[in-house]
Amino acid sequence: MKTLAYTALYREWRPKNFEDVVGQEHITTTLKNQI
């Protein structure tokens, strides 16, 4: 049986950094302040 390699959509399209998150500035600001 052949297995298929795939990447889940949530991993493929996940923002790589906080600047890529759109429309949730209050969340990204809170996260940046906690790091």
# chains A, B, ... in the order shown; residues from 1 in each chain; ligands from 1
$ select_by_dssp --residues "chain A" --states "alpha helix (DSSP H)" --output "MDAnalysis selection string"
chainID A and resid 9:12 25:34
$ atom_distance --atom1 "atom CA of A:Gln34" --atom2 "atom CA of A:Val21"
16.7 Å
$ atom_distance --atom1 "atom CA of A:Leu31" --atom2 "atom CA of A:Asn17"
11.4 Å
$ atom_distance --atom1 "atom CA of A:Ala8" --atom2 "atom CA of A:Thr28"
23.4 Å
$ decode --residues "chain A" --atoms "C-alpha atoms" --output "PDB file, in the first residue's frame"
ATOM      1  CA  MET A   1       0.000   0.000   0.000  1.00  0.00           C
ATOM      2  CA  LYS A   2       1.358   3.375  -0.985  1.00  0.00           C
ATOM      3  CA  THR A   3       1.194   6.211   1.558  1.00  0.00           C
ATOM      4  CA  LEU A   4       0.652   9.767   0.415  1.00  0.00           C
ATOM      5  CA  ALA A   5       2.752  12.584   1.784  1.00  0.00           C
ATOM      6  CA  TYR A   6       0.756  15.686   2.512  1.00  0.00           C
ATOM      7  CA  THR A   7       0.911  18.869   4.532  1.00  0.00           C
ATOM      8  CA  ALA A   8      -2.125  19.860   6.547  1.00  0.00           C
ATOM      9  CA  LEU A   9      -3.625  23.146   5.384  1.00  0.00           C
ATOM     10  CA  TYR A  10      -3.240  24.750   8.795  1.00  0.00           C
ATOM     11  CA  ARG A  11       0.509  24.110   8.659  1.00  0.00           C
ATOM     12  CA  GLU A  12       0.902  25.227   5.063  1.00  0.00           C
ATOM     13  CA  TRP A  13      -0.986  28.517   5.445  1.00  0.00           C
ATOM     14  CA  ARG A  14      -0.036  29.353   9.058  1.00  0.00           C
ATOM     15  CA  PRO A  15       1.487  32.832   9.471  1.00  0.00           C
ATOM     16  CA  LYS A  16       5.251  32.647   9.889  1.00  0.00           C
ATOM     17  CA  ASN A  17       5.518  35.817  11.982  1.00  0.00           C
ATOM     18  CA  PHE A  18       3.278  38.319  13.755  1.00  0.00           C
ATOM     19  CA  GLU A  19       3.268  40.733  10.802  1.00  0.00           C
ATOM     20  CA  ASP A  20       1.503  38.078   8.699  1.00  0.00           C
ATOM     21  CA  VAL A  21      -1.482  37.938  11.078  1.00  0.00           C
ATOM     22  CA  VAL A  22      -4.208  40.162   9.629  1.00  0.00           C
ATOM     23  CA  GLY A  23      -7.098  41.720  11.530  1.00  0.00           C
ATOM     24  CA  GLN A  24      -5.994  40.658  15.023  1.00  0.00           C
ATOM     25  CA  GLU A  25      -3.681  43.449  16.096  1.00  0.00           C
ATOM     26  CA  HIS A  26      -4.862  43.330  19.724  1.00  0.00           C
ATOM     27  CA  ILE A  27      -3.897  39.660  19.936  1.00  0.00           C
ATOM     28  CA  THR A  28      -0.492  40.066  18.299  1.00  0.00           C
ATOM     29  CA  THR A  29       0.312  43.073  20.501  1.00  0.00           C
ATOM     30  CA  THR A  30      -0.480  41.056  23.617  1.00  0.00           C
ATOM     31  CA  LEU A  31       1.637  38.128  22.430  1.00  0.00           C
ATOM     32  CA  LYS A  32       4.570  40.383  21.508  1.00  0.00           C
ATOM     33  CA  ASN A  33       4.476  41.997  24.952  1.00  0.00           C
ATOM     34  CA  GLN A  34       4.547  38.606  26.672  1.00  0.00           C
ATOM     35  CA  ILE A  35       7.558  37.303  24.757  1.00  0.00           C
TER      36      ILE A  35
END
